[in-house]
file target.cif (mmCIF, C-alpha atoms)
data_target
#
loop_
_atom_site.label_atom_id
_atom_site.label_comp_id
_atom_site.auth_asym_id
_atom_site.auth_seq_id
_atom_site.Cartn_x
_atom_site.Cartn_y
_atom_site.Cartn_z
CA MET T 27 -40.17 19.08 -50.72
CA GLY T 28 -38.53 18.98 -54.14
CA LYS T 29 -36.46 15.96 -55.00
CA SER T 30 -36.76 12.93 -52.79
CA SER T 31 -34.48 13.23 -49.80
CA HIS T 32 -33.45 9.61 -50.43
CA SER T 33 -32.06 10.15 -53.94
CA ALA T 34 -28.28 9.69 -54.15
CA VAL T 35 -26.30 12.91 -54.35
CA ARG T 36 -23.86 13.22 -57.22
CA LYS T 37 -23.68 17.03 -57.38
CA ARG T 38 -24.01 19.43 -54.47
CA ARG T 39 -23.76 23.17 -53.93
CA VAL T 40 -22.60 24.19 -50.46
CA PHE T 41 -22.93 27.74 -49.15
CA TYR T 42 -20.92 28.50 -46.04
CA ILE T 43 -21.94 31.54 -43.96
CA PRO T 44 -19.19 32.43 -41.47
CA GLY T 45 -19.71 33.94 -38.08
CA TYR T 46 -18.49 37.38 -37.02
CA ASP T 47 -15.01 36.94 -38.47
CA PRO T 48 -12.77 39.57 -40.11
CA ILE T 49 -10.44 36.97 -41.64
CA HIS T 50 -10.13 36.46 -45.41
CA PRO T 51 -12.34 33.60 -46.64
CA ARG T 52 -9.35 31.61 -47.94
CA ARG T 53 -9.00 30.53 -44.31
CA TYR T 54 -12.07 28.32 -44.69
CA ARG T 55 -10.74 26.70 -47.87
CA GLU T 56 -7.46 25.85 -46.19
CA LEU T 57 -9.27 24.57 -43.10
CA TYR T 58 -11.38 22.28 -45.30
CA ARG T 59 -8.30 21.09 -47.18
CA LYS T 60 -6.29 20.27 -44.06
CA GLU T 61 -9.07 18.81 -41.92
CA GLY T 62 -10.72 16.98 -44.82
CA ALA T 63 -7.46 15.18 -45.57
CA ALA T 64 -7.10 14.25 -41.90
CA GLN T 65 -10.67 12.94 -41.64
CA ALA T 66 -10.33 11.03 -44.92
CA GLU T 67 -7.26 9.24 -43.59
CA ILE T 68 -9.01 8.39 -40.33
CA SER T 69 -12.30 7.29 -41.91
CA GLY T 70 -11.01 5.65 -45.08
CA TYR T 71 -12.45 7.82 -47.83
CA ASP T 72 -11.06 10.33 -50.33
CA VAL T 73 -11.54 14.10 -50.47
CA ALA T 74 -9.66 16.18 -53.05
CA LEU T 75 -9.85 19.97 -53.40
CA SER T 76 -9.30 21.95 -56.57
CA ALA T 77 -9.98 25.44 -57.90
CA LYS T 78 -13.55 26.70 -57.67
CA ALA T 79 -15.93 25.94 -60.51
CA ALA T 80 -17.20 28.70 -62.77
CA GLY T 81 -20.22 30.43 -61.27
CA SER T 82 -19.48 29.39 -57.69
CA GLY T 83 -18.92 32.94 -56.52
CA PRO T 84 -15.75 34.94 -55.83
CA TYR T 85 -14.62 32.75 -52.92
CA GLY T 86 -14.97 29.00 -53.10
CA TRP T 87 -13.49 25.65 -54.01
CA HIS T 88 -14.41 22.39 -55.70
CA VAL T 89 -14.37 18.97 -54.02
CA ALA T 90 -14.22 15.60 -55.72
CA ALA T 91 -14.89 12.93 -53.14
CA THR T 92 -15.24 9.18 -52.96
CA ILE T 93 -17.24 8.45 -49.84
CA GLU T 94 -19.36 5.42 -48.97
CA GLU T 95 -18.40 3.86 -52.34
CA ALA T 96 -19.85 6.80 -54.28
CA GLN T 97 -18.28 9.62 -56.25
CA VAL T 98 -19.58 13.08 -55.45
CA GLN T 99 -18.81 16.55 -56.84
CA ALA T 100 -19.37 19.48 -54.48
CA ASP T 101 -18.90 23.18 -55.17
CA PHE T 102 -18.39 25.37 -52.12
CA GLU T 103 -19.01 29.09 -51.88
CA VAL T 104 -18.23 31.31 -48.90
CA LEU T 105 -20.88 34.00 -48.49
CA VAL T 106 -18.63 36.84 -47.41
CA TRP T 107 -19.48 39.56 -44.91
CA SER T 108 -15.99 39.90 -43.40
CA ASP T 109 -15.72 43.42 -44.87
CA ILE T 110 -18.76 44.45 -42.82
CA VAL T 111 -17.15 42.87 -39.77
CA ARG T 112 -13.89 44.74 -40.32
CA ASP T 113 -15.71 48.05 -40.72
CA SER T 114 -17.61 47.45 -37.47
CA MET T 115 -14.33 46.71 -35.67
CA ASP T 116 -12.73 49.98 -36.75
CA GLN T 117 -13.52 51.75 -33.51
CA GLY T 118 -10.25 52.75 -31.87
CA ILE T 119 -9.64 52.47 -28.13
CA LEU T 120 -12.11 55.15 -27.00
CA GLY T 121 -14.75 53.85 -29.38
CA THR T 122 -14.36 50.33 -28.00
CA TYR T 123 -14.83 51.51 -24.42
CA GLY T 124 -17.91 53.36 -25.60
CA GLN T 125 -19.15 50.08 -27.08
CA LEU T 126 -18.51 48.42 -23.74
CA ILE T 127 -20.80 50.85 -21.94
CA ARG T 128 -23.58 50.66 -24.55
CA THR T 129 -23.45 46.86 -24.91
CA ALA T 130 -23.45 46.23 -21.16
CA ALA T 131 -26.36 48.64 -20.78
CA THR T 132 -28.31 46.83 -23.52
CA TYR T 133 -27.86 43.28 -22.23
CA ILE T 134 -28.05 44.10 -18.52
CA GLY T 135 -30.61 46.89 -18.71
CA SER T 136 -33.02 44.86 -20.84
CA GLY T 137 -32.71 41.80 -18.61
CA ALA T 138 -31.51 39.70 -21.56
CA LEU T 139 -28.27 38.73 -19.82
CA TRP T 140 -30.04 37.21 -16.81
CA HIS T 141 -32.31 35.13 -19.05
CA LEU T 142 -29.33 33.94 -21.12
CA MET T 143 -27.68 32.73 -17.92
CA TRP T 144 -30.56 30.29 -17.43
CA LEU T 145 -29.37 28.46 -20.56
CA ARG T 146 -25.61 27.99 -20.76
CA LYS T 147 -22.98 29.69 -18.64
CA GLY T 148 -20.22 29.31 -21.25
CA PRO T 149 -21.38 31.85 -23.85
CA VAL T 150 -22.50 34.25 -21.12
CA ILE T 151 -19.00 34.09 -19.61
CA ALA T 152 -17.64 34.64 -23.12
CA ALA T 153 -19.86 37.74 -23.35
CA LEU T 154 -18.77 39.07 -19.96
CA TYR T 155 -15.09 38.34 -20.55
CA PRO T 156 -14.36 41.29 -22.89
CA VAL T 157 -16.18 43.69 -20.56
CA LEU T 158 -14.21 42.55 -17.53
CA PHE T 159 -10.86 42.24 -19.30
CA LEU T 160 -11.13 45.65 -20.94
CA LEU T 161 -11.87 47.10 -17.50
CA VAL T 162 -8.84 45.25 -16.12
CA GLN T 163 -6.71 46.77 -18.89
CA LEU T 164 -7.97 50.23 -18.00
CA GLY T 165 -7.34 49.52 -14.30
CA VAL T 166 -3.75 48.45 -14.99
CA ALA T 167 -3.13 51.57 -17.07
CA LEU T 168 -4.56 53.85 -14.36
CA LEU T 169 -2.58 52.05 -11.66
CA VAL T 170 0.65 52.59 -13.57
CA ALA T 171 -0.33 56.22 -14.14
CA TRP T 172 -0.98 56.66 -10.41
CA GLY T 173 2.42 55.13 -9.56
CA ILE T 174 4.23 57.45 -11.97
CA GLY T 175 2.27 60.43 -10.65
CA ALA T 176 3.09 59.53 -7.04
CA ALA T 177 6.77 59.26 -7.89
CA ILE T 178 6.74 62.66 -9.60
CA ALA T 179 4.97 64.22 -6.63
CA ILE T 180 7.83 63.22 -4.29
CA TRP T 181 10.09 65.86 -5.80
CA LEU T 182 7.73 68.18 -7.66
CA PRO T 183 4.40 69.91 -6.92
CA ASP T 184 1.49 67.49 -6.51
CA TRP T 185 -0.39 68.78 -9.56
CA LEU T 186 2.47 67.70 -11.81
CA GLY T 187 1.67 64.15 -10.80
CA LEU T 188 -1.16 64.31 -13.33
CA ALA T 189 1.54 63.87 -15.96
CA GLY T 190 1.41 60.19 -15.06
CA LEU T 191 -1.81 59.97 -17.04
CA ALA T 192 0.31 60.20 -20.18
CA ALA T 193 1.12 56.52 -19.61
CA VAL T 194 -2.50 55.45 -20.08
CA PRO T 195 -2.79 55.64 -23.91
CA PRO T 196 0.41 53.66 -24.70
CA ILE T 197 -0.49 50.94 -22.17
CA LEU T 198 -4.00 50.55 -23.61
CA ASN T 199 -2.54 50.55 -27.10
CA TRP T 200 -0.13 47.76 -26.10
CA PHE T 201 -3.05 45.64 -24.92
CA ARG T 202 -4.89 46.35 -28.15
CA LYS T 203 -1.91 45.25 -30.25
CA LYS T 204 -1.80 41.98 -28.27
CA ASP T 205 -5.51 41.28 -28.80
CA GLY T 206 -4.63 38.34 -31.05
CA LYS T 207 -3.88 36.57 -27.76
CA PHE T 208 -6.52 38.17 -25.53
CA PHE T 209 -9.52 38.51 -27.95
CA ALA T 210 -11.06 41.17 -25.71
CA TYR T 211 -11.46 43.80 -28.44
CA TYR T 212 -12.63 41.21 -30.96
CA LEU T 213 -15.34 39.81 -28.68
CA MET T 214 -16.41 43.28 -27.61
CA HIS T 215 -16.95 44.29 -31.24
CA ASP T 216 -18.82 41.03 -31.88
CA TYR T 217 -21.41 41.46 -29.13
CA ALA T 218 -21.64 45.19 -29.72
CA TYR T 219 -22.60 44.70 -33.37
CA SER T 220 -25.94 43.08 -32.50
CA ALA T 221 -26.47 45.05 -29.31
CA LYS T 222 -26.13 48.40 -31.08
CA SER T 223 -29.49 47.92 -32.80
CA LYS T 224 -30.93 45.81 -29.94
CA GLY T 225 -31.30 42.78 -32.20
CA GLU T 226 -32.37 44.37 -35.48
CA ASP T 227 -30.26 43.57 -38.53
CA PRO T 228 -28.20 46.64 -39.50
CA ALA T 229 -29.01 48.04 -42.96
CA GLU T 230 -25.69 47.01 -44.51
CA LEU T 231 -26.16 43.45 -43.26
CA ARG T 232 -29.75 43.26 -44.56
CA ALA T 233 -28.50 44.28 -48.01
CA ARG T 234 -25.77 41.62 -47.93
CA MET T 235 -28.21 38.95 -46.79
CA ALA T 236 -30.44 39.80 -49.77
CA GLU T 237 -27.43 39.15 -52.03
CA PHE T 238 -26.88 35.83 -50.28
CA SER T 239 -30.51 34.92 -50.92
CA ASP T 240 -29.99 35.58 -54.62
CA ARG T 241 -26.91 33.35 -54.72
CA ILE T 242 -28.67 30.45 -53.01
CA SER T 243 -31.79 30.90 -55.12
CA GLU T 244 -29.71 30.68 -58.31
CA ALA T 245 -28.22 27.40 -57.13
CA LEU T 246 -31.71 25.99 -56.54
CA GLN T 247 -32.34 26.45 -60.26
CA GLN T 248 -29.27 24.43 -61.26
CA ASP T 249 -28.85 20.76 -62.10
CA VAL T 250 -27.66 19.63 -58.67
CA ASP T 251 -29.10 17.14 -56.22
CA GLU T 252 -28.74 19.13 -53.02
CA VAL T 253 -28.18 22.73 -52.00
CA LEU T 254 -26.73 22.81 -48.50
CA VAL T 255 -26.48 25.99 -46.43
CA VAL T 256 -24.02 25.86 -43.54
CA GLY T 257 -24.20 28.62 -40.93
CA HIS T 258 -21.49 28.73 -38.27
CA SER T 259 -21.75 30.71 -35.03
CA SER T 260 -23.36 34.10 -35.87
CA GLY T 261 -23.76 32.86 -39.43
CA ALA T 262 -26.46 30.49 -38.18
CA HIS T 263 -28.95 33.24 -37.37
CA LEU T 264 -28.18 34.97 -40.68
CA ALA T 265 -29.03 31.70 -42.44
CA VAL T 266 -32.32 31.40 -40.54
CA SER T 267 -33.51 34.76 -41.84
CA ILE T 268 -32.16 34.19 -45.36
CA LEU T 269 -33.90 30.83 -45.74
CA ALA T 270 -37.14 32.05 -44.16
CA ASP T 271 -37.28 34.93 -46.62
CA MET T 272 -36.54 32.66 -49.58
CA ILE T 273 -39.36 30.29 -48.67
CA ARG T 274 -41.82 33.14 -48.06
CA ASP T 275 -40.94 34.62 -51.44
CA GLY T 276 -41.49 31.32 -53.25
CA ARG T 277 -37.83 31.00 -54.21
CA VAL T 278 -37.51 27.33 -53.24
CA PRO T 279 -38.85 25.38 -56.24
CA ALA T 280 -41.03 22.36 -55.53
CA LYS T 281 -39.16 20.24 -58.07
CA GLY T 282 -35.69 21.60 -57.48
CA PRO T 283 -32.76 20.24 -55.49
CA THR T 284 -33.21 19.13 -51.92
CA LEU T 285 -32.54 22.06 -49.54
CA GLY T 286 -30.60 21.42 -46.34
CA PHE T 287 -29.58 23.76 -43.52
CA LEU T 288 -26.79 22.79 -41.13
CA SER T 289 -26.28 25.19 -38.21
CA LEU T 290 -23.04 24.72 -36.29
CA GLY T 291 -22.04 26.18 -32.93
CA GLN T 292 -24.99 28.56 -33.03
CA VAL T 293 -25.28 31.60 -30.77
CA VAL T 294 -28.84 32.49 -31.81
CA PRO T 295 -30.03 33.44 -28.28
CA MET T 296 -27.42 36.22 -28.04
CA VAL T 297 -29.50 38.01 -30.68
CA SER T 298 -32.99 36.55 -30.35
CA PHE T 299 -33.11 37.51 -26.64
CA LEU T 300 -32.61 41.20 -27.46
CA PRO T 301 -35.66 43.51 -27.31
CA LYS T 302 -35.90 44.41 -31.01
CA ALA T 303 -35.00 41.05 -32.59
CA TYR T 304 -38.54 40.90 -34.00
CA ARG T 305 -37.45 39.69 -37.43
CA LEU T 306 -35.19 36.92 -36.17
CA ARG T 307 -37.79 35.59 -33.74
CA GLY T 308 -40.41 35.63 -36.49
CA ASP T 309 -38.06 33.83 -38.86
CA LEU T 310 -37.30 31.16 -36.26
CA ALA T 311 -41.03 30.59 -35.70
CA TYR T 312 -41.62 30.37 -39.46
CA LEU T 313 -38.66 28.23 -40.52
CA CYS T 314 -39.21 25.62 -37.82
CA GLN T 315 -42.52 24.61 -39.45
CA ARG T 316 -41.47 24.37 -43.10
CA ASP T 317 -41.11 21.16 -45.09
CA GLU T 318 -39.13 22.85 -47.89
CA VAL T 319 -35.98 22.54 -45.79
CA THR T 320 -34.26 20.05 -43.50
CA TRP T 321 -32.62 21.85 -40.55
CA VAL T 322 -30.07 20.04 -38.39
CA ASP T 323 -28.49 21.98 -35.53
CA VAL T 324 -25.15 20.63 -34.26
CA THR T 325 -23.45 21.89 -31.11
CA ALA T 326 -21.41 20.34 -28.30
CA PRO T 327 -21.29 21.01 -24.56
CA GLY T 328 -17.52 21.15 -24.90
CA ASP T 329 -17.86 24.32 -27.00
CA GLY T 330 -18.03 27.10 -24.44
CA CYS T 331 -18.75 29.73 -27.10
CA ALA T 332 -22.01 28.15 -28.32
CA PHE T 333 -25.44 27.64 -26.77
CA ALA T 334 -24.88 23.91 -26.76
CA LEU T 335 -27.95 21.72 -27.28
CA CYS T 336 -30.26 24.73 -26.83
CA ASP T 337 -33.08 24.48 -29.35
CA PRO T 338 -32.88 28.03 -30.75
CA VAL T 339 -36.59 28.13 -31.59
CA SER T 340 -37.89 26.82 -28.28
CA VAL T 341 -35.59 28.71 -25.92
CA SER T 342 -36.38 31.92 -27.80
CA GLY T 343 -40.01 31.42 -26.81
CA VAL T 344 -41.42 31.31 -30.35
CA ALA T 345 -42.08 27.61 -30.89
CA PRO T 346 -45.62 27.07 -32.19
CA GLN T 347 -48.00 24.94 -30.14
CA GLN T 348 -48.33 22.59 -33.09
CA GLY T 349 -46.43 21.92 -36.30
CA LYS T 350 -42.85 22.41 -35.14
CA ARG T 351 -40.52 20.27 -37.29
CA TRP T 352 -37.09 21.85 -36.84
CA PRO T 353 -34.37 21.95 -35.88
CA LEU T 354 -33.18 18.46 -35.16
CA VAL T 355 -30.79 19.17 -32.26
CA VAL T 356 -27.74 16.89 -32.36
CA SER T 357 -24.63 16.80 -30.18
CA ALA T 358 -21.17 16.57 -31.71
CA ALA T 359 -20.17 15.14 -28.29
CA PHE T 360 -16.54 16.26 -28.31
CA THR T 361 -15.64 14.16 -25.26
CA GLN T 362 -16.73 11.03 -27.12
CA THR T 363 -15.77 11.85 -30.72
CA LEU T 364 -12.30 13.07 -29.79
CA SER T 365 -9.79 10.72 -28.18
CA GLU T 366 -8.74 11.48 -24.61
CA ALA T 367 -5.38 12.73 -25.84
CA ARG T 368 -6.93 14.99 -28.48
CA TRP T 369 -9.55 16.31 -26.06
CA ALA T 370 -6.86 17.08 -23.49
CA GLU T 371 -4.98 19.00 -26.17
CA LEU T 372 -7.99 21.08 -27.24
CA ARG T 373 -10.25 21.48 -24.22
CA TRP T 374 -8.86 24.85 -23.07
CA ARG T 375 -8.45 26.24 -26.60
CA PHE T 376 -11.91 27.76 -26.64
CA PHE T 377 -11.80 29.46 -30.03
CA ARG T 378 -10.30 26.40 -31.69
CA LEU T 379 -13.06 24.24 -30.22
CA HIS T 380 -15.65 26.64 -31.62
CA PHE T 381 -14.41 25.60 -35.08
CA GLN T 382 -14.15 21.88 -34.31
CA TYR T 383 -17.42 21.22 -36.15
CA MET T 384 -15.56 21.82 -39.43
CA CYS T 385 -12.56 19.75 -38.37
CA ALA T 386 -11.51 16.12 -38.15
CA PHE T 387 -12.58 13.82 -35.32
CA ASP T 388 -10.28 10.95 -34.45
CA ARG T 389 -13.18 8.95 -32.96
CA PRO T 390 -15.99 10.08 -35.30
CA GLY T 391 -19.62 9.40 -34.46
CA ASP T 392 -22.64 10.06 -36.68
CA TYR T 393 -21.59 13.69 -37.21
CA ASP T 394 -18.95 14.07 -39.91
CA TYR T 395 -18.73 17.45 -41.64
CA PHE T 396 -17.05 15.99 -44.69
CA ARG T 397 -19.55 13.17 -45.20
CA ILE T 398 -22.35 15.73 -44.89
CA THR T 399 -20.85 18.24 -47.32
CA ALA T 400 -19.19 15.84 -49.81
CA GLY T 401 -20.91 12.49 -49.28
CA PRO T 402 -23.66 10.78 -51.30
CA LYS T 403 -26.52 11.32 -48.84
CA THR T 404 -28.62 14.44 -48.46
CA LEU T 405 -28.76 16.02 -45.02
CA ALA T 406 -32.34 14.74 -44.74
CA GLU T 407 -31.35 11.16 -45.53
CA ARG T 408 -28.26 11.18 -43.33
CA TYR T 409 -30.32 12.14 -40.29
CA ASP T 410 -33.53 10.36 -41.23
CA GLY T 411 -34.88 8.68 -38.09
CA ARG T 412 -32.19 10.22 -35.90
CA ALA T 413 -33.53 11.03 -32.44
CA PRO T 414 -32.67 14.47 -31.07
CA SER T 415 -30.19 14.74 -28.24
CA LYS T 416 -31.80 13.69 -24.96
CA SER T 417 -30.00 16.47 -23.10
CA ARG T 418 -31.27 19.26 -25.34
CA ILE T 419 -32.76 22.34 -23.71
CA GLU T 420 -36.20 23.40 -24.94
CA ARG T 421 -37.47 25.47 -22.02
CA PRO T 422 -38.65 28.92 -23.23
CA VAL T 423 -36.76 31.48 -21.15
CA ASN T 424 -36.72 34.53 -23.41
CA LYS T 425 -38.20 37.69 -21.93
CA PHE T 426 -38.95 39.13 -25.39
CA VAL T 427 -41.17 37.05 -27.65
CA LYS T 428 -42.77 39.66 -29.92
CA VAL T 429 -42.18 38.91 -33.61
CA ALA T 430 -42.29 41.00 -36.78
CA PRO T 431 -45.80 41.25 -38.28
#
call {"tool": "encode", "arguments": {"input": "target.cif", "output": "structure tokens"}}
result
Amino acid sequence: MGKSSHSAVRKRRVFYIPGYDPIHPRRYRELYRKEGAAQAEISGYDVALSAKAAGSGPYGWHVAATIEEAQVQADFEVLVWSDIVRDSMDQGILGTYGQLIRTAATYIGSGALWHLMWLRKGPVIAALYPVLFLLVQLGVALLVAWGIGAAIAIWLPDWLGLAGLAAVPPILNWFRKKDGKFFAYYLMHDYAYSAKSKGEDPAELRARMAEFSDRISEALQQDVDEVLVVGHSSGAHLAVSILADMIRDGRVPAKGPTLGFLSLGQVVPMVSFLPKAYRLRGDLAYLCQRDEVTWVDVTAPGDGCAFALCDPVSVSGVAPQQGKRWPLVVSAAFTQTLSEARWAELRWRFFRLHFQYMCAFDRPGDYDYFRITAGPKTLAERYDGRAPSKSRIERPVNKFVKVAP
């Protein structure tokens, strides 16, 4: 497994793989800066950010931390695919409604949606929300058009009432411009991206993931104690395939740094339950048995956008009968690790809660993002002996279990 998982960490490389997010990666640096300072004040340690180190990629930052009476240097790199996300979102209003039809047909027609509902209702509701709200928007626009047409028809020939339809495009465009509040278009594009290929990785994403593999592989050749891959939301299933490929290709050196994988707020079943997600299901089955990596999966029932405490390997129906090691499924337990006042403030801010894993907790438990990414213990050591969450879901409910050969 490379270096002993119990050797103290002095240098760490951290690779952060975002979810389906069109925002510039500086957002993650500023989030780390703000929330790291807040957690440091609460927990009594020190985290200081500075400019990225040479060789740490185009988007990153450096952290000098004093945690648990140890000084640690950590170099962060954001593995960027936001440009691919933005391109996939460039659909226009008609294109988005076309996505709605195709995506609903894929999830409902294949039966995937019904099987997902056996797991957690939250992410399924999140998936249905853009479909329903976009239909509501269209309904409102048509209702206004009908009202205008009826008014015109009072004084003019009935056929001129069709002119009321001219109100539909500006009303739909108004809703689209306000999507920063509604998130209907954003979520529709998100689910449509995977549904379009029925679970296969699009070619442009496969190429980018190969670049990510190269970046992580280079770090495993460096003089660091741990290489930690963090995959958030959709980034978690990208990380699964990236790491599985690296291990298959012999790119994880036996005497190199310890390799850790932290998946946060994962939505793996949204992809692995699709008919053609052969590669992802095969990668889940492979990675869960490997001793080259330590995989800890952190979710929370309070996060309605994630498949909380659902073991992504087991629920996808690809867990081996013997030899399964990963992931260790851990709860961030928002209702316990956030004070009552803080929880009351955040509980209905669904998208903010989906990012809480990378934020400060005012009643922290054994999950602390900043101790994990900038502290002196490897991921393996920090969770050594930790029992998985008792309320985890392991029941295989996926209809599609075929994997890539």
call {"tool": "resolve_selection", "arguments": {"input": "target.cif", "expression": "the PyMOL selection byres ((chain T and resi 320-323) around 10)", "output": "PyMOL selection string"}}
result
chain T and resi 27+31+254-257+262+266+284-292+313-314+316-319+324-325+334-338+351-358+404-407+409-410+414
call {"tool": "write_last_selection", "arguments": {"input": "target.cif", "atoms": "C-alpha atoms", "output": "PDB file, in the coordinates of the input"}}
result
ATOM      1  CA  MET T  27     -40.170  19.080 -50.720  1.00  0.00           C
ATOM      2  CA  SER T  31     -34.480  13.230 -49.800  1.00  0.00           C
ATOM      3  CA  LEU T 254     -26.730  22.810 -48.500  1.00  0.00           C
ATOM      4  CA  VAL T 255     -26.480  25.990 -46.430  1.00  0.00           C
ATOM      5  CA  VAL T 256     -24.020  25.860 -43.540  1.00  0.00           C
ATOM      6  CA  GLY T 257     -24.200  28.620 -40.930  1.00  0.00           C
ATOM      7  CA  ALA T 262     -26.460  30.490 -38.180  1.00  0.00           C
ATOM      8  CA  VAL T 266     -32.320  31.400 -40.540  1.00  0.00           C
ATOM      9  CA  THR T 284     -33.210  19.130 -51.920  1.00  0.00           C
ATOM     10  CA  LEU T 285     -32.540  22.060 -49.540  1.00  0.00           C
ATOM     11  CA  GLY T 286     -30.600  21.420 -46.340  1.00  0.00           C
ATOM     12  CA  PHE T 287     -29.580  23.760 -43.520  1.00  0.00           C
ATOM     13  CA  LEU T 288     -26.790  22.790 -41.130  1.00  0.00           C
ATOM     14  CA  SER T 289     -26.280  25.190 -38.210  1.00  0.00           C
ATOM     15  CA  LEU T 290     -23.040  24.720 -36.290  1.00  0.00           C
ATOM     16  CA  GLY T 291     -22.040  26.180 -32.930  1.00  0.00           C
ATOM     17  CA  GLN T 292     -24.990  28.560 -33.030  1.00  0.00           C
ATOM     18  CA  LEU T 313     -38.660  28.230 -40.520  1.00  0.00           C
ATOM     19  CA  CYS T 314     -39.210  25.620 -37.820  1.00  0.00           C
ATOM     20  CA  ARG T 316     -41.470  24.370 -43.100  1.00  0.00           C
ATOM     21  CA  ASP T 317     -41.110  21.160 -45.090  1.00  0.00           C
ATOM     22  CA  GLU T 318     -39.130  22.850 -47.890  1.00  0.00           C
ATOM     23  CA  VAL T 319     -35.980  22.540 -45.790  1.00  0.00           C
ATOM     24  CA  VAL T 324     -25.150  20.630 -34.260  1.00  0.00           C
ATOM     25  CA  THR T 325     -23.450  21.890 -31.110  1.00  0.00           C
ATOM     26  CA  ALA T 334     -24.880  23.910 -26.760  1.00  0.00           C
ATOM     27  CA  LEU T 335     -27.950  21.720 -27.280  1.00  0.00           C
ATOM     28  CA  CYS T 336     -30.260  24.730 -26.830  1.00  0.00           C
ATOM     29  CA  ASP T 337     -33.080  24.480 -29.350  1.00  0.00           C
ATOM     30  CA  PRO T 338     -32.880  28.030 -30.750  1.00  0.00           C
ATOM     31  CA  ARG T 351     -40.520  20.270 -37.290  1.00  0.00           C
ATOM     32  CA  TRP T 352     -37.090  21.850 -36.840  1.00  0.00           C
ATOM     33  CA  PRO T 353     -34.370  21.950 -35.880  1.00  0.00           C
ATOM     34  CA  LEU T 354     -33.180  18.460 -35.160  1.00  0.00           C
ATOM     35  CA  VAL T 355     -30.790  19.170 -32.260  1.00  0.00           C
ATOM     36  CA  VAL T 356     -27.740  16.890 -32.360  1.00  0.00           C
ATOM     37  CA  SER T 357     -24.630  16.800 -30.180  1.00  0.00           C
ATOM     38  CA  ALA T 358     -21.170  16.570 -31.710  1.00  0.00           C
ATOM     39  CA  THR T 404     -28.620  14.440 -48.460  1.00  0.00           C
ATOM     40  CA  LEU T 405     -28.760  16.020 -45.020  1.00  0.00           C
ATOM     41  CA  ALA T 406     -32.340  14.740 -44.740  1.00  0.00           C
ATOM     42  CA  GLU T 407     -31.350  11.160 -45.530  1.00  0.00           C
ATOM     43  CA  TYR T 409     -30.320  12.140 -40.290  1.00  0.00           C
ATOM     44  CA  ASP T 410     -33.530  10.360 -41.230  1.00  0.00           C
ATOM     45  CA  PRO T 414     -32.670  14.470 -31.070  1.00  0.00           C
TER      46      PRO T 414
END
call {"tool": "resolve_selection", "arguments": {"input": "target.cif", "expression": "the PyMOL selection byres ((chain T and resi 37) around 9)", "output": "list in words"}}
result
Val35, Arg36, Arg38, Arg39, Val98, Gln99, Ala100, Asp101, Asp249, Val250, Asp251, Glu252, Ala400 and Pro402 of chain T
call {"tool": "resolve_selection", "arguments": {"input": "target.cif", "expression": "the PyMOL selection byres ((chain T and resi 376) around 9)", "output": "compact mmCIF listing (two decimals) with C-alpha atoms, keeping the file's coordinate frame"}}
result
# COMPACT_ATOMS: atom_id res chain seq x y z
CA GLY T 328 -17.52 21.15 -24.90
CA ASP T 329 -17.86 24.32 -27.00
CA GLY T 330 -18.03 27.10 -24.44
CA CYS T 331 -18.75 29.73 -27.10
CA LEU T 372 -7.99 21.08 -27.24
CA ARG T 373 -10.25 21.48 -24.22
CA TRP T 374 -8.86 24.85 -23.07
CA ARG T 375 -8.45 26.24 -26.60
CA PHE T 377 -11.80 29.46 -30.03
CA ARG T 378 -10.30 26.40 -31.69
CA LEU T 379 -13.06 24.24 -30.22
CA HIS T 380 -15.65 26.64 -31.62
call {"tool": "atom_distance", "arguments": {"input": "target.cif", "atom1": "CA of Phe208 (chain T)", "atom2": "CA of Glu230 (chain T)"}}
result
28.4 Å
call {"tool": "residues_near_point", "arguments": {"input": "target.cif", "point": "(-38.5, 31.0, -39.0)", "cutoff": "10 Å", "atoms": "only C-alpha atoms", "output": "list in words"}}
result
His263, Val266, Ser267, Ile268, Leu269, Ala270, Asp271, Ile273, Arg274, Arg305, Leu306, Arg307, Gly308, Asp309, Leu310, Ala311, Tyr312, Leu313, Cys314, Gln315, Arg316, Val339, Val344, Ala345 and Trp352 of chain T
call {"tool": "residues_around", "arguments": {"input": "target.cif", "residues": "region 119-135 of chain T", "least_positions_apart": "3", "cutoff": "9 Å", "atoms": "only C-alpha atoms", "output": "ChimeraX atom specification"}}
result
/T:115-116,138-140,154,156-157,160-161,195,198-199,202,211,214-215,217-222,224,299-301
call {"tool": "atom_distance", "arguments": {"input": "target.cif", "atom1": "CA of Arg418 (chain T)", "atom2": "CA of Phe360 (chain T)"}}
result
15.3 Å
call {"tool": "residues_near_point", "arguments": {"input": "target.cif", "point": "(-38.8, 27.9, -24.4)", "cutoff": "8 Å", "atoms": "all atoms listed in the file", "output": "ChimeraX atom specification"}}
result
/T:339-345,420-424
call {"tool": "atom_distance", "arguments": {"input": "target.cif", "atom1": "CA of Asp113 (chain T)", "atom2": "CA of Pro48 (chain T)"}}
result
9.0 Å
call {"tool": "closest_residue", "arguments": {"input": "target.cif", "among": "T:Ala152, T:Thr399, T:Lys207, T:Phe41", "to": "Met384 (chain T)", "atoms": "all atoms listed in the file"}}
result
T:Thr399
call {"tool": "residues_around", "arguments": {"input": "target.cif", "residues": "Tyr58 (chain T)", "least_positions_apart": "4", "cutoff": "12 Å", "atoms": "all atoms listed in the file", "output": "ChimeraX atom specification"}}
result
/T:42,51-54,62-66,73-76,86-89,102,104,381-386,395-396,399-400
call {"tool": "residues_around", "arguments": {"input": "target.cif", "residues": "Asp388 (chain T)", "least_positions_apart": "6", "cutoff": "7 Å", "atoms": "all atoms listed in the file", "output": "PyMOL selection string"}}
result
chain T and resi 68+363-365
